[in-house]
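K.L.:
My structure is below; once you've seen it, I'll send some questions.
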Amino acid sequence: MIDLRSDTITTPTPEMIEAMSRAELGDDFFRDDPTVLDFEAQVADLLGVESAMLVISGTMGNIVSAMALAPRGTSIIVEATAHIHINESGWPSTIAGLTPRPVQGIGGMISATALTDAIAAGQSRLSAPTSLLCLENTHNAAGGRVMSPEDLAVLAGIAHDNGLNVHLDGARIFNAAISLGRSVSDFVQPVDTTTFCLCKGLSCPLGAVVAGSSEIIEKTRRWRQIIGGGMRQAGVIAAAGRVALRTMVARLEEDHQNAKLLATRLRDAGLDVDPSAIETNIVFVNLPSGNFDTAYLHSEMLENGVRISPPKAGRLRLVTHREITQSEALMASDLIAKTCEAARGRQLSSVNNAGMDAIY
Ligand SMILES: Cc1ncc(COP(=O)(O)O)c(C=O)c1O
C-alpha cells in the first residue's frame, strides 16, 4: 500500500525501537528521567533557547504554549486556515478561554498590513483584547508553504512592538529549515514559544516539543499538568526523539523532492497543481469542479493500492514521507491522473463521510 494520507503514518525505525527498549528511565514528574532530560537539553541547544519540554502531541504543545502566553478572556490572532484555528477541535475557546481572531493570509502568510489592522481592531472596547499572535511554519493548509525567518521576524516584531506574545506552530519546522537550507534556530529566535512534532516527517511514534525561555517553559509545564499531560517514564518517547534528531532531519529533502516530482507528473498529466509552489512535502491538487466523483476517486485508488485522504473542499492533499520512495511517488501520480480522468464527468456516487476526517 502506498499511503499518501499524511506524514504521520510513518512508523518508528528499527533504531528508534532499539533505543526505546534500551532507554534509561525515571519518573519525569520528579524530573528524574535521564533520557527526557538529555533530549530536552539537546532540543534547547539545537533551537538556541533556554529550555524545552516534551509533550504528547503538537496540539498539546500549542495548547500549553497559548495558555502560558495568553490570559483567559483575551484573543489570539491566527491565520484563517491555520491548523490551530480549523483543525484542533476548538481548544482556544473550550480549554483556554481564548477568542480566535482569524486573519486571511496569502499562501498561509499574514501580511504585515493585515496584522497591523487586526491588532488595531483588537484595541476596540468591544473586542477581547489581543494577547498573542500564532504563526504556522510550514503552513499545512497552504500546501506546506515556508515562511522565511526574516518574514517571520517582521511579523513577530510587529506583534511584540504592540505588546503581543508570539507562538510558532512549527509542527513541520524541520521541513521549513531543510527547504531553505537554514538552521532551525533562525525560525525560533524571533518568537516566544515554538512547538514541533516528532511524529510527522521525523517518524517517531508520538511526541512533540515546546521550546522557549526557562520562565515560559515552566509555565507550560504547569499547564501540561493541568490538562492531564504529565508523564512518568517518558524516556521511551524521548529516546526515539533523540534518534529522530540524529537520523531523520537531513533526509526530509528526499520527501520534498518526491513531492515536487509527484506534482510535476500530475501537472504534466493535465491536473490543476502548481509544482513551483511545492516547497516541502505537501501537495494540493485542485479537482475539477462540476461533475467529478470524489468518492469513486477515493475508493478506486484504495482498490489499486494507493491510500489517499478523501478530497475535501475540492482539493486532494498528498503528503510524502519516509515510507514513500521515488518510484512509488511516480506510480501513485500515474494512478491518480488515470483515476481522476475516470472520475471526471461522473455524478458523485456516494456521500463520502470519511471526508469529514480528512486531516487538513
Ligand atoms: C501544522 C500542524 N500543527 C499542529 C498539528 C497537530 O499535531 P498533533 O496531531 O500531534 O496534535 C498538526 C498535525 O497535523 C499540523 O499539521
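To be explicit about the labels: the chains of the C-alpha cells are called A, B, and onward in the order shown, and within each one the residues are counted from 1, while ligands get numbers from 1 in the order they are shown.
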If the limit is 9 Å from any atom of ligand 1, counting only C-alpha atoms and all ligand atoms, which residues qualify? Return them as number ranges by chain.

P.N.:
A: 6-8, 56-62, 82-84, 87-88, 136-141, 144, 169-172, 195-200, 206-208, 359-360

K.L.:
Determine, counting only C-alpha atoms, which protein, DNA and RNA residues have an atom within 9 Å of an atom of Met301 of chain A; residues of the same chain fewer than 6 positions away are not included. Present the result as a VMD selection string.

P.N.:
chain A and resid 307 to 308 332 335 to 336 339

K.L.:
Create the file for the chosen residues now, containing N, CA, C and O atoms and written as a CSV table (one decimal), in the first residue's frame.

P.N.:
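New file result32.csv:
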chain,number,residue,atom,x,y,z
A,307,ARG,N,-3.4,4.7,-0.9
A,307,ARG,CA,-4.4,5.3,0.1
A,307,ARG,C,-4.2,6.8,0.1
A,307,ARG,O,-3.1,7.3,0.2
A,308,ILE,N,-5.3,7.5,-0.1
A,308,ILE,CA,-5.3,9.0,-0.1
A,308,ILE,C,-6.4,9.4,0.9
A,308,ILE,O,-7.4,8.7,1.1
A,332,ALA,N,2.2,6.3,-8.0
A,332,ALA,CA,1.0,6.9,-7.4
A,332,ALA,C,0.4,8.0,-8.3
A,332,ALA,O,-0.8,8.1,-8.5
A,335,LEU,N,-1.4,6.7,-11.3
A,335,LEU,CA,-2.7,6.2,-10.9
A,335,LEU,C,-3.7,7.3,-10.6
A,335,LEU,O,-4.9,7.2,-11.0
A,336,ILE,N,-3.2,8.3,-9.9
A,336,ILE,CA,-4.1,9.5,-9.6
A,336,ILE,C,-4.6,10.1,-10.9
A,336,ILE,O,-5.8,10.4,-11.0
A,339,THR,N,-7.1,7.9,-12.6
A,339,THR,CA,-8.4,7.7,-11.9
A,339,THR,C,-9.1,9.0,-11.9
A,339,THR,O,-10.4,9.1,-11.9

K.L.:
Based on the backbone DSSP call, show me all residues of segment 190-295 of chain A assigned alpha helix (DSSP H), as a VMD selection string.

P.N.:
chain A and resid 214 to 226 235 to 247 252 to 268 294 to 295

K.L.:
Between A:Val306, A:Ala234, A:Ala66, A:Ile77, which has the minimum distance to Leu330 of chain A (counting only C-alpha atoms)?

P.N.:
A:Val306

K.L.:
Find the residues around Gln257 of chain A up to 12 Å (only C-alpha atoms counted), leave out those fewer than 6 positions away in its own chain, and share them as a ChimeraX atom specification.

P.N.:
/A:175,178-179,251,263-264,275-276,278-283,319-322,324-327,329-330

K.L.:
Can you spit out the residues from that selection as a compact mmCIF listing (two decimals), in the first residue's frame, using C-alpha atoms?

P.N.:
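Everything below was put into selection.txt:
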# COMPACT_ATOMS: atom_id res chain seq x y z
CA ASN A 175 10.85 20.78 6.78
CA ILE A 178 15.68 21.97 5.24
CA SER A 179 13.74 23.62 2.43
CA ARG A 251 16.53 13.09 4.78
CA ALA A 263 3.23 17.50 -8.50
CA THR A 264 5.14 17.85 -11.77
CA PRO A 275 4.82 22.37 -8.90
CA SER A 276 6.59 25.68 -8.36
CA ILE A 278 5.74 22.91 -3.70
CA GLU A 279 8.35 23.88 -1.13
CA THR A 280 8.21 20.90 1.21
CA ASN A 281 6.30 17.59 1.43
CA ILE A 282 2.64 18.58 0.92
CA VAL A 283 0.89 18.71 -2.45
CA VAL A 319 1.87 14.04 1.60
CA THR A 320 5.26 12.44 1.04
CA HIS A 321 7.32 10.91 3.84
CA ARG A 322 9.98 8.34 4.72
CA ILE A 324 7.34 6.74 0.05
CA THR A 325 10.11 6.06 -2.45
CA GLN A 326 10.67 8.00 -5.65
CA SER A 327 9.29 5.16 -7.78
CA ALA A 329 5.63 8.64 -5.91
CA LEU A 330 5.73 8.20 -9.68

K.L.:
If we count only C-alpha atoms and set the cut-off at 7 Å, which residues sit around Leu25 of chain A, ignoring sequence neighbours fewer than 4 positions away in its own chain? Please answer as a PyMOL selection string.

P.N.:
chain A and resi 33-35+233+235

K.L.:
Could you take the residues named above and write them with N, CA, C and O atoms, as a compact mmCIF listing (two decimals), in the first residue's frame?

P.N.:
# COMPACT_ATOMS: atom_id res chain seq x y z
N ASP A 33 13.92 11.48 34.85
CA ASP A 33 14.14 10.59 33.70
C ASP A 33 15.33 11.13 32.89
O ASP A 33 15.23 12.17 32.23
N PRO A 34 16.47 10.44 32.95
CA PRO A 34 17.68 10.99 32.32
C PRO A 34 17.54 11.13 30.81
O PRO A 34 18.14 12.03 30.21
N THR A 35 16.75 10.26 30.20
CA THR A 35 16.61 10.32 28.73
C THR A 35 15.80 11.55 28.33
O THR A 35 16.13 12.25 27.37
N GLN A 233 7.58 7.62 32.87
CA GLN A 233 8.82 7.15 32.21
C GLN A 233 8.79 7.57 30.73
O GLN A 233 8.83 6.74 29.82
N GLY A 235 10.94 8.73 28.96
CA GLY A 235 12.19 8.49 28.23
C GLY A 235 11.99 7.57 27.03
O GLY A 235 12.76 7.62 26.07

K.L.:
Separation of atom CA of Leu155 of chain A and atom CA of Asp255 of chain A, in Å?

P.N.:
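One can read the atom CA of Leu155 of chain A to atom CA of Asp255 of chain A distance as 28.5 Å.
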
K.L.:
Considering only strand (DSSP E) as DSSP defines it on the backbone, what residues of segment 88-321 of chain A qualify? List them as a ChimeraX atom specification.

P.N.:
/A:99-103,130-136,165-169,193-197,208-212,282-286,306-307,315-319

K.L.:
The selected residues should be written to file as a short mmCIF file (atom, residue, chain, number, x, y, z; two decimals), in the first residue's frame (atoms: N, CA and C atoms).

P.N.:
data_model
loop_
_atom_site.label_atom_id
_atom_site.label_comp_id
_atom_site.auth_asym_id
_atom_site.auth_seq_id
_atom_site.Cartn_x
_atom_site.Cartn_y
_atom_site.Cartn_z
N THR A 99 -10.40 33.84 22.45
CA THR A 99 -11.20 34.05 21.24
C THR A 99 -10.27 34.13 20.05
N PRO A 100 -10.44 33.25 19.06
CA PRO A 100 -9.58 33.36 17.88
C PRO A 100 -9.97 34.56 17.04
N ARG A 101 -8.97 35.27 16.53
CA ARG A 101 -9.19 36.40 15.63
C ARG A 101 -8.54 36.01 14.30
N PRO A 102 -9.31 35.34 13.42
CA PRO A 102 -8.70 34.85 12.18
C PRO A 102 -8.40 35.96 11.18
N VAL A 103 -7.25 35.89 10.57
CA VAL A 103 -6.83 36.88 9.56
C VAL A 103 -6.46 36.11 8.29
N THR A 130 -6.30 41.67 22.45
CA THR A 130 -5.46 40.66 21.80
C THR A 130 -4.15 40.48 22.56
N SER A 131 -3.78 39.22 22.82
CA SER A 131 -2.58 38.99 23.61
C SER A 131 -1.52 38.16 22.89
N LEU A 132 -1.91 37.51 21.80
CA LEU A 132 -0.99 36.52 21.21
C LEU A 132 -1.15 36.44 19.70
N LEU A 133 -0.03 36.33 19.02
CA LEU A 133 -0.03 36.01 17.57
C LEU A 133 0.47 34.58 17.43
N CYS A 134 -0.32 33.75 16.72
CA CYS A 134 0.13 32.38 16.42
C CYS A 134 0.50 32.28 14.95
N LEU A 135 1.70 31.82 14.68
CA LEU A 135 2.14 31.62 13.29
C LEU A 135 2.29 30.12 13.05
N GLU A 136 2.27 29.73 11.78
CA GLU A 136 2.42 28.30 11.45
C GLU A 136 3.44 28.14 10.33
N ASN A 165 2.44 38.54 22.63
CA ASN A 165 3.41 37.44 22.58
C ASN A 165 3.26 36.73 21.25
N VAL A 166 4.23 35.86 20.94
CA VAL A 166 4.19 35.16 19.65
C VAL A 166 4.48 33.67 19.86
N HIS A 167 3.58 32.83 19.34
CA HIS A 167 3.79 31.38 19.36
C HIS A 167 3.95 30.89 17.93
N LEU A 168 4.89 29.99 17.72
CA LEU A 168 5.08 29.38 16.40
C LEU A 168 4.64 27.93 16.44
N ASP A 169 3.58 27.61 15.68
CA ASP A 169 3.21 26.20 15.48
C ASP A 169 4.14 25.69 14.38
N THR A 193 7.45 31.12 21.99
CA THR A 193 7.40 29.66 22.12
C THR A 193 7.29 29.03 20.73
N THR A 194 7.85 27.84 20.63
CA THR A 194 7.75 27.06 19.39
C THR A 194 7.34 25.65 19.75
N THR A 195 6.43 25.09 18.96
CA THR A 195 6.12 23.66 19.08
C THR A 195 6.61 22.97 17.82
N PHE A 196 7.24 21.81 17.95
CA PHE A 196 7.44 20.98 16.75
C PHE A 196 7.08 19.54 17.07
N CYS A 197 6.72 18.80 16.01
CA CYS A 197 6.26 17.42 16.17
C CYS A 197 7.36 16.43 15.87
N ALA A 208 5.92 15.53 20.80
CA ALA A 208 6.19 16.86 20.27
C ALA A 208 6.98 17.59 21.33
N VAL A 209 7.48 18.76 20.99
CA VAL A 209 8.30 19.52 21.94
C VAL A 209 7.86 20.97 21.94
N VAL A 210 7.86 21.59 23.12
CA VAL A 210 7.64 23.03 23.24
C VAL A 210 8.97 23.63 23.68
N ALA A 211 9.34 24.75 23.08
CA ALA A 211 10.63 25.36 23.42
C ALA A 211 10.48 26.85 23.62
N GLY A 212 11.32 27.41 24.51
CA GLY A 212 11.27 28.85 24.77
C GLY A 212 12.17 29.19 25.94
N ILE A 282 4.11 18.62 1.04
CA ILE A 282 2.64 18.58 0.92
C ILE A 282 2.23 19.10 -0.46
N VAL A 283 1.35 18.33 -1.11
CA VAL A 283 0.89 18.71 -2.45
C VAL A 283 -0.63 18.81 -2.42
N PHE A 284 -1.17 19.93 -2.87
CA PHE A 284 -2.63 20.02 -3.04
C PHE A 284 -2.96 20.04 -4.53
N VAL A 285 -3.93 19.21 -4.90
CA VAL A 285 -4.41 19.18 -6.29
C VAL A 285 -5.83 19.73 -6.27
N ASN A 286 -6.10 20.74 -7.09
CA ASN A 286 -7.49 21.24 -7.21
C ASN A 286 -8.23 20.34 -8.18
N VAL A 306 -3.32 2.51 -3.46
CA VAL A 306 -2.85 3.84 -3.03
C VAL A 306 -3.88 4.46 -2.10
N ARG A 307 -3.45 4.72 -0.89
CA ARG A 307 -4.35 5.29 0.10
C ARG A 307 -4.21 6.81 0.09
N ARG A 315 -10.33 19.82 -2.98
CA ARG A 315 -8.87 19.67 -3.04
C ARG A 315 -8.46 18.29 -2.53
N LEU A 316 -7.45 17.76 -3.20
CA LEU A 316 -6.87 16.48 -2.79
C LEU A 316 -5.51 16.78 -2.18
N ARG A 317 -5.28 16.30 -0.95
CA ARG A 317 -3.98 16.54 -0.32
C ARG A 317 -3.14 15.27 -0.35
N LEU A 318 -1.92 15.39 -0.81
CA LEU A 318 -1.00 14.26 -0.87
C LEU A 318 0.26 14.64 -0.08
N VAL A 319 0.71 13.73 0.75
CA VAL A 319 1.87 14.04 1.60
C VAL A 319 2.94 12.97 1.42
#

K.L.:
Could you give me, as a list in words, the residues within 9 Å of Ala277 of chain A, counting only C-alpha atoms and dropping anything in the same chain fewer than 6 positions from it?

P.N.:
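Result of the neighbour search: Gly143, Arg145, Lys260 and Val283 of chain A.
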
K.L.:
Between A:Asp334, A:Glu79, A:Asp186, A:Glu323, single out the one closest to Thr10 of chain A, counting only C-alpha atoms.

P.N.:
A:Glu323

K.L.:
If we count only C-alpha atoms and set the cut-off at 12 Å, which residues sit around Arg232 of chain A, ignoring sequence neighbours fewer than 2 positions away in its own chain? Please answer as a ChimeraX atom specification.

P.N.:
/A:25-36,54-56,225,228-230,234-238
